[in-house]
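Data file: target-v6.cif. Format and content: mmCIF, C-alpha atoms.
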```cif
data_final
#
loop_
_atom_site.label_atom_id
_atom_site.label_comp_id
_atom_site.auth_asym_id
_atom_site.auth_seq_id
_atom_site.Cartn_x
_atom_site.Cartn_y
_atom_site.Cartn_z
CA MET A 1 159.41 98.63 113.80
CA GLN A 2 159.67 98.44 117.55
CA LYS A 3 159.02 102.18 117.74
CA HIS A 4 155.55 101.49 116.33
CA SER A 5 154.86 98.72 118.84
CA VAL A 6 156.80 95.82 120.30
CA ILE A 7 154.41 93.25 118.86
CA ALA A 8 154.72 94.83 115.38
CA GLY A 9 158.50 94.64 115.70
CA ILE A 10 158.35 90.99 116.74
CA VAL A 11 155.95 89.92 113.98
CA ILE A 12 157.56 91.92 111.17
CA SER A 13 161.12 90.94 112.10
CA ALA A 14 160.06 87.27 112.35
CA LEU A 15 158.47 87.43 108.89
CA CYS A 16 161.62 89.05 107.51
CA PHE A 17 163.80 86.41 109.17
CA GLY A 18 161.68 83.61 107.73
CA LEU A 19 161.44 85.03 104.22
CA MET A 20 165.15 85.80 104.03
CA HIS A 21 165.93 82.09 104.31
CA GLY A 22 164.83 81.93 100.68
CA ASN A 23 163.12 78.56 100.48
CA PHE A 24 159.67 77.34 101.35
CA ASN A 25 160.95 74.43 103.44
CA GLN A 26 162.63 76.76 105.93
CA ILE A 27 160.23 79.71 105.96
CA PRO A 28 157.62 78.30 108.41
CA TYR A 29 160.04 77.21 111.12
CA ALA A 30 162.27 80.24 110.54
CA VAL A 31 159.28 82.54 111.19
CA TYR A 32 158.59 80.60 114.40
CA LEU A 33 162.24 80.86 115.44
CA GLY A 34 162.20 84.54 114.48
CA ILE A 35 159.38 85.07 116.98
CA VAL A 36 161.32 83.22 119.67
CA PHE A 37 164.49 85.18 118.89
CA ALA A 38 162.62 88.51 118.93
CA PHE A 39 161.05 87.73 122.31
CA LEU A 40 164.48 86.75 123.59
CA VAL A 41 165.90 90.09 122.42
CA GLU A 42 162.99 91.85 124.11
CA ALA A 43 163.59 89.89 127.32
CA THR A 44 167.34 90.46 127.47
CA GLY A 45 167.64 93.82 125.75
CA SER A 46 170.47 92.37 123.68
CA LEU A 47 170.77 90.92 120.20
CA LEU A 48 173.64 88.72 121.39
CA SER A 49 171.30 86.24 123.11
CA SER A 50 169.35 85.51 119.95
CA MET A 51 172.54 85.33 117.90
CA LEU A 52 173.91 82.67 120.27
CA LEU A 53 170.65 80.69 120.14
CA HIS A 54 170.67 80.88 116.34
CA MET A 55 174.27 79.62 116.24
CA LEU A 56 173.33 76.70 118.52
CA PHE A 57 170.35 75.83 116.33
CA ASN A 58 172.50 75.91 113.19
CA ALA A 59 175.25 73.89 114.90
CA PHE A 60 172.72 71.20 115.84
CA ASN A 61 171.42 71.03 112.26
CA THR A 62 174.96 70.86 110.91
CA ALA A 63 175.76 68.02 113.32
CA LEU A 64 172.82 66.11 111.86
CA LEU A 65 174.58 66.16 108.48
CA TYR A 66 177.37 64.14 110.08
CA ILE A 67 175.00 61.87 112.00
CA TYR A 68 173.00 60.77 108.92
CA PRO A 69 175.92 58.82 107.33
CA VAL A 70 176.51 57.07 110.66
CA LEU A 71 172.79 56.21 110.78
CA ILE A 72 172.95 54.81 107.25
CA ASP A 73 175.98 52.65 108.17
CA PHE A 74 174.17 51.41 111.27
CA LEU A 75 171.11 50.46 109.21
CA ASP A 76 173.31 48.75 106.60
CA LYS A 77 175.12 46.68 109.24
CA ASN A 78 171.87 45.56 110.83
CA GLY A 79 170.38 43.81 107.83
CA GLY A 80 168.86 46.66 105.87
CA ASP A 81 169.68 48.92 103.02
CA GLY A 82 170.21 52.04 105.11
CA ALA A 83 170.58 54.48 102.25
CA ALA A 84 167.42 53.23 100.53
CA VAL A 85 165.40 53.29 103.76
CA LEU A 86 166.56 56.80 104.63
CA GLU A 87 166.05 58.11 101.09
CA GLU A 88 162.60 56.56 100.86
CA SER A 89 161.53 58.06 104.18
CA LEU A 90 162.88 61.51 103.26
CA ASN A 91 161.36 61.55 99.76
CA ALA A 92 157.99 59.98 100.51
CA VAL A 93 154.96 62.18 99.95
CA PRO A 94 152.68 61.67 102.95
CA THR A 95 149.01 60.91 102.53
CA LYS A 96 146.33 63.10 104.07
CA GLU A 97 145.82 60.54 106.85
CA GLN A 98 149.55 60.44 107.59
CA LEU A 99 149.67 64.25 107.75
CA LEU A 100 146.73 64.32 110.16
CA THR A 101 148.40 61.67 112.31
CA VAL A 102 151.67 63.61 112.40
CA ILE A 103 149.86 66.87 113.15
CA SER A 104 147.79 65.30 115.93
CA PHE A 105 150.99 63.82 117.39
CA TRP A 106 153.18 66.93 117.17
CA LEU A 107 150.70 69.78 117.69
CA PRO A 108 150.18 69.17 121.44
CA LYS A 109 153.94 68.85 121.93
CA GLY A 110 154.48 72.06 119.98
CA LEU A 111 151.93 73.91 122.10
CA VAL A 112 153.57 72.65 125.29
CA GLY A 113 156.93 73.75 123.85
CA ILE A 114 155.56 77.23 123.23
CA VAL A 115 154.40 77.46 126.85
CA ILE A 116 157.80 76.27 128.11
CA ILE A 117 159.59 78.79 125.88
CA ALA A 118 157.27 81.56 127.12
CA VAL A 119 158.03 80.66 130.75
CA PHE A 120 161.78 80.65 130.07
CA ILE A 121 161.66 83.97 128.24
CA LYS A 122 159.57 85.49 131.03
CA ALA A 123 162.13 84.22 133.59
CA ILE A 124 165.00 85.62 131.50
CA GLY A 125 163.20 88.96 131.34
CA VAL A 126 162.67 89.01 135.11
CA SER A 127 166.34 88.18 135.76
CA ALA A 128 167.35 90.98 133.35
CA GLY A 129 164.98 93.43 135.05
CA ARG A 130 162.74 93.75 131.99
CA GLU A 131 158.97 93.36 131.95
CA ILE A 132 157.70 90.83 129.43
CA SER A 133 153.91 90.61 129.47
CA PHE A 134 151.08 90.76 127.00
CA LYS A 135 150.41 94.33 128.11
CA SER A 136 154.05 95.41 127.68
CA ILE A 137 154.35 94.04 124.15
CA SER A 138 150.92 95.10 122.88
CA GLU A 139 151.06 98.75 123.97
CA LYS A 140 151.72 101.31 121.27
CA GLN A 141 155.06 102.94 121.94
CA SER A 142 155.35 106.67 122.40
CA GLY A 143 156.99 108.48 119.57
CA ASP A 144 156.22 109.53 116.04
CA GLU A 145 152.51 108.92 115.44
CA LYS A 146 153.07 109.07 111.66
CA LEU A 147 155.53 106.17 111.82
CA SER A 148 154.27 103.09 109.99
CA ALA A 149 155.46 99.60 110.84
CA VAL A 150 155.25 98.54 107.19
CA ASN A 151 156.46 100.57 104.23
CA ILE A 152 156.93 100.06 100.51
CA TRP A 153 160.59 99.02 100.88
CA LEU A 154 159.68 96.30 103.36
CA VAL A 155 156.94 94.96 101.09
CA LEU A 156 159.30 95.04 98.07
CA GLY A 157 161.88 93.14 100.12
CA TRP A 158 159.29 90.49 101.03
CA ILE A 159 158.28 90.17 97.37
CA LEU A 160 161.94 89.76 96.38
CA CYS A 161 162.40 87.04 99.04
CA ILE A 162 159.31 85.19 97.78
CA ILE A 163 160.60 85.39 94.19
CA VAL A 164 163.94 83.96 95.35
CA ALA A 165 162.11 81.15 97.19
CA PHE A 166 160.17 80.31 94.00
CA MET A 167 163.39 80.37 91.96
CA ASN A 168 165.00 78.00 94.47
CA MET A 169 162.19 75.53 93.79
CA LEU A 170 163.14 75.30 90.10
#
```
What is this structure when it is put down as structure tokens?
Amino acid sequence: MQKHSVIAGIVISALCFGLMHGNFNQIPYAVYLGIVFAFLVEATGSLLSSMLLHMLFNAFNTALLYIYPVLIDFLDKNGGDGAAVLEESLNAVPTKEQLLTVISFWLPKGLVGIVIIAVFIKAIGVSAGREISFKSISEKQSGDEKLSAVNIWLVLGWILCIIVAFMNML
């Protein structure tokens, strides 16, 4: 995919990364992380950097599984029914107003986070002696002009991943 263009490689690999997680709860943030990981690979020239970042992300999420029971115990000891409070907050379906409030709260922070990530990736690229700029990622790479970034096997793989995600919902 990168032989077609760097941006095509980043977008397509991020979509593949997101879809391969196999459930609709993870797909959106996995696509976002896939973009970050792909830019990191482009900045460092190594897959190892994104593998390490992915392991750290998964380790943090796994640690949360051990923190939740401690949080429930803390809530129980401080006059509440911790399990009920946590379960209610995790299972509640937000209203449209609540969603808009959450989006208006988190969207600016997310945009600032994207800028910070971009600055860090640019700095990593500079320290690795690699150019990371809009021009460098948007240029069509030299090579086979007949090469397509998307083919039937890729599309069939995406369809299979979407079917698996739907089956996981059942």
(request) Can you turn the PyMOL selection byres ((chain A and resi 12-14) around 8) into a concrete residue list for this file, as a ChimeraX atom specification? (result) /A:1,8-11,15-18,30-35,38,149
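With distances restricted to all atoms listed in the file, A:Cys161 is the closest residue to His21 (chain A) from A:Met167, A:Leu156, A:Leu40, A:Cys161.
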Return as a CSV table (one decimal) with C-alpha atoms, in the frame of the given file the set of residues that the PyMOL selection byres ((chain A and resi 45-59) around 10) yields on the displayed structure.
```csv
chain,number,residue,atom,x,y,z
A,33,LEU,CA,162.2,80.9,115.4
A,34,GLY,CA,162.2,84.5,114.5
A,36,VAL,CA,161.3,83.2,119.7
A,37,PHE,CA,164.5,85.2,118.9
A,38,ALA,CA,162.6,88.5,118.9
A,39,PHE,CA,161.0,87.7,122.3
A,40,LEU,CA,164.5,86.8,123.6
A,41,VAL,CA,165.9,90.1,122.4
A,42,GLU,CA,163.0,91.8,124.1
A,43,ALA,CA,163.6,89.9,127.3
A,44,THR,CA,167.3,90.5,127.5
A,60,PHE,CA,172.7,71.2,115.8
A,61,ASN,CA,171.4,71.0,112.3
A,62,THR,CA,175.0,70.9,110.9
A,63,ALA,CA,175.8,68.0,113.3
A,64,LEU,CA,172.8,66.1,111.9
A,125,GLY,CA,163.2,89.0,131.3
A,128,ALA,CA,167.4,91.0,133.4
A,129,GLY,CA,165.0,93.4,135.0
A,130,ARG,CA,162.7,93.8,132.0
```
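From CA of Ala165 (chain A) back to CA of Leu100 (chain A), the distance works out to 26.2 Å.
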(request) Could you expand the PyMOL selection byres ((chain A and resi 137) around 10) into the explicit residues it covers here, written as a PyMOL selection string? (result) chain A and resi 2+5-10+39+42+131-136+138-141
(request) Could you jot down the CA of Ile163 (chain A) to CA of Leu90 (chain A) separation for me, Å, one decimal place? (result) 25.6 Å
